[in-house]
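A short worksheet on the structure shown next.
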Amino acid sequence: MSSVLGVSVGAGAVRMARPHTGNPHGHVEPHSFDLQTIPVSGQSVEELAAEAIGVTLETTPGIAATAIAYRSEQHARAIRAAMARQQLTNYELVPEVGAALEFAQSTGDIRGISSLVVYDLGSSGLSVSVVDTQSREIRHSERTSDISGDYLDSLIREQQIASGRIAHPPDAAGLAALDALCREAKEQLSSNTAVALPSEQGLVLLAQENFESLIMLAIESSARMARDVITRSDRPVHGVLAIGGCARIPLVSKVLERWMGVPVIVPESPETVVARGAALLARPVKPEVIAPSPSLDDELSPAWLSTPPKRGKREISGAVLTVSALAVVAAIGLGLGYGPQVLQRDSHSEGSPTVPATTTPRSTTHDPQSVVAPATPSESPAAESVAAPPPRRQTTEAPPPPPAPGPNTLVVPGLPPIVVPTIPPEVFPFPPPR
């Protein structure tokens with residue numbers, strides 16, 4: 001059974017989603033997807049996404065369509081360039097907001113809401129969009145990188161170093177390892193009241209109350225930004241759809257609801273909503289076939305590459321003309337080359353053979369009488385291939401009538417018949433025309 005693939009390309013990870021039963025329609029269960037997350041480390045996220053998609057398509061048969069969610073036009077251009085370098089064409093790009101809306105409508109999470117705020121807080125930044133759920137028109141959208149998941153991780157890191165329990169890493173590698181540990185602590189505090197994570201620099205110890213006090217100012221700033229976007233859209237909203245990895249933090253939904261005064265919907269696994277929505281939007285892409293012009297096809301495509309081989313009128317006529325031209329050249333050479341030699345030798349040397357000795361002609365299509373003269377029993381077999389003239393008679397009797405002229409016999413008045421030797425077949429580069 002054919003399946004589809006949805007991909008979201010974030011700064012911190014590439015997420016891929018495949019529905020269990022092809023491309024589902026109607027109501028969708030949140031658990032009806034196979035999910036895969038690939039962390040980004042030291043590589044362009046677009047290049048990593050293209051490589052991951054290529055490997056998935058090769059190792060997973062039956063994927064008929066791929067949809068990749070993009071955030072902006074610049075993001076879309078980077079994805080297209082990376083996919084082109086991987087020589088992948090059977091895919092389509094869908095907006096992240098549209099993919100999130102598709103998933104929320106399919107699961108029924110936003111049923112009855114006609115105007116919605118999509119609040120997407122991920123590792124690289126915050127995007128806020130006001131969307132009409134009926135027409136799926138984006139009324140207004142803004143994005144900032146001042147508030148992000150990475151920024152919240154840095155708040156935890158600085159607090160741990162300031163507490164004295166964690167030593168400042170000596171190099172960039174140690175700093176990256178500490179940031180990864182702080183990110184893990186943030187994720188665990190979404191469902192736990194406290195965390196204790198050991199590291200080479202010390203113990204990362206943090207309670208949920210302390211964590212919320214650290215990030216409160218940043219979350220309130222994000223809520224203020226969302227409210228400003230609603231104001232600039234000049235359209236009232238009836239709900240907030242919170243997605244992205246940071247939407248798991250309980251404080252986010254509490255602050256948004258307090259500042260907005262509308263219900264806040266947080267889907268299960270909010271960081272994979274865009275990838276799952278992209279999978280729901282995936283449709284097979286029909287490649288555009290451009291038929292080449294006949295002139296270019298004739299010039300660039302050899303006849304032996306076509307299947308089946310085309311033997312057009314132009315090709316056959318060319319072959320016939322080539323063989324005919326060779327035959328004309330051979331006839332001209334026969335008349336200008338061998339004829340004068342035979343006449344000259346006959347006029348200067350009496351009794352000598354009229355033509356040079358040749359091997360037995362290989363062609364048997366001519367009249368034997370016109371090829372060789374009758375040989376006496378005393379002559380050797382090699383002499384049978386030489387057309388020698390009969391001896392001159394000393395009597396006054398009339399000479400016997402000459403043999404009937406053949407295709408290779410040259411008759412000159414006052415001279416015996418001259419037999420022109422047959423040109424061996426080796427002189428023709430191609431077989432004679434039939």
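Each chain of the structure tokens is named A, B, ... in the order shown, its residues numbered from 1; ligands are numbered from 1 in display order.
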
Could you give me, as a Markdown table, every range 241-265 of chain A residue with an atom at most 8 Å from range 116-136 of chain A, plus its closest atom pair and distance in Å to one decimal, counting only C-alpha atoms, rows ordered by chain then number?
```
| residue | atom | partner | partner_atom | distance |
| --- | --- | --- | --- | --- |
| A:Leu241 | CA | A:Val118 | CA | 4.8 |
| A:Ala242 | CA | A:Tyr119 | CA | 4.7 |
| A:Ile243 | CA | A:Asp120 | CA | 4.8 |
| A:Gly244 | CA | A:Gly122 | CA | 4.8 |
| A:Gly245 | CA | A:Gly122 | CA | 5.5 |
| A:Cys246 | CA | A:Leu121 | CA | 5.6 |
| A:Ala247 | CA | A:Leu121 | CA | 6.6 |
```

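Going from CA of Phe33 in chain A to CA of Ser106 in chain A covers 13.1 Å.
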
Please return, as a ChimeraX atom specification, all residues of range 54-212 of chain A that DSSP assigns to helix (DSSP H, G or I) on the basis of the backbone.
/A:54-59,73-85,96-107,149-163,172-188,208-212

Contacts of Val28 in chain A at 10 Å (only C-alpha atoms; same-chain gap of 5+ positions) as an MDAnalysis selection string
chainID A and resid 19 33 103:108 280

Do you have the CA of Ala50 in chain A-CA of Ala81 in chain A distance handy?
9.4 Å

If we count only C-alpha atoms, what is near range 162-178 of chain A at a cut-off of 10 Å, once residues fewer than 6 positions away on the same chain are taken out, given as a VMD selection string?
chain A and resid 153 to 154 156 184 198 to 205

Output the selection as a compact mmCIF listing (two decimals), in the first residue's frame - C-alpha atoms for each residue.
```txt
# COMPACT_ATOMS: atom_id res chain seq x y z
CA ASP A 153 18.21 26.90 27.56
CA SER A 154 20.73 29.70 27.95
CA ILE A 156 19.09 27.69 32.67
CA GLU A 184 17.13 18.03 28.51
CA PRO A 198 25.16 15.06 36.25
CA SER A 199 27.76 16.49 33.89
CA GLU A 200 31.54 16.85 33.67
CA GLN A 201 31.26 20.37 35.05
CA GLY A 202 28.95 19.40 37.92
CA LEU A 203 25.30 18.64 38.71
CA VAL A 204 22.46 20.43 36.91
CA LEU A 205 19.85 20.76 39.67
```

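Distance-wise, CA of Gln188 in chain A and CA of Arg248 in chain A end up 10.0 Å apart.
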
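Residue nearest Glu209 in chain A within the list A:Glu47, A:Val195, A:Ser222, A:Val7: A:Val195 [criterion: smallest interatomic distance, only C-alpha atoms].
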
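Of the residues listed (A:Leu5, A:Val40, A:Ala17, A:Ala99), A:Leu5 shows the shortest atom-to-atom separation from Leu57 in chain A; distances use only C-alpha atoms.
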
Residues of range 117-231 of chain A in strand (DSSP E or B), written as a PyMOL selection string
chain A and resi 117-121+126-132+137-144+166+194-199+202-207

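Each of A:Ala218, A:Met260, A:Val94, A:Ile68 was compared to Pro236 in chain A using only C-alpha atoms, and A:Met260 turns out to be the nearest.
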
Excluding same-chain residues fewer than 3 positions from Pro263 in chain A, what lies within 7 Å of it counting only C-alpha atoms, as a PDB file with C-alpha atoms, in the first residue's frame?
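Output (around_36.pdb):
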```pdb
ATOM      1  CA  GLY A 239      -8.657  30.407  20.270  1.00  0.00           C
ATOM      2  CA  VAL A 240      -4.901  29.859  20.344  1.00  0.00           C
ATOM      3  CA  GLU A 257      -4.739  32.167  28.277  1.00  0.00           C
TER       4      GLU A 257
END
```

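Candidate residues A:Ile110, A:Thr66, A:Met83, A:Pro61 were compared for distance to Pro267 in chain A, and the nearest is A:Ile110, using only C-alpha atoms.
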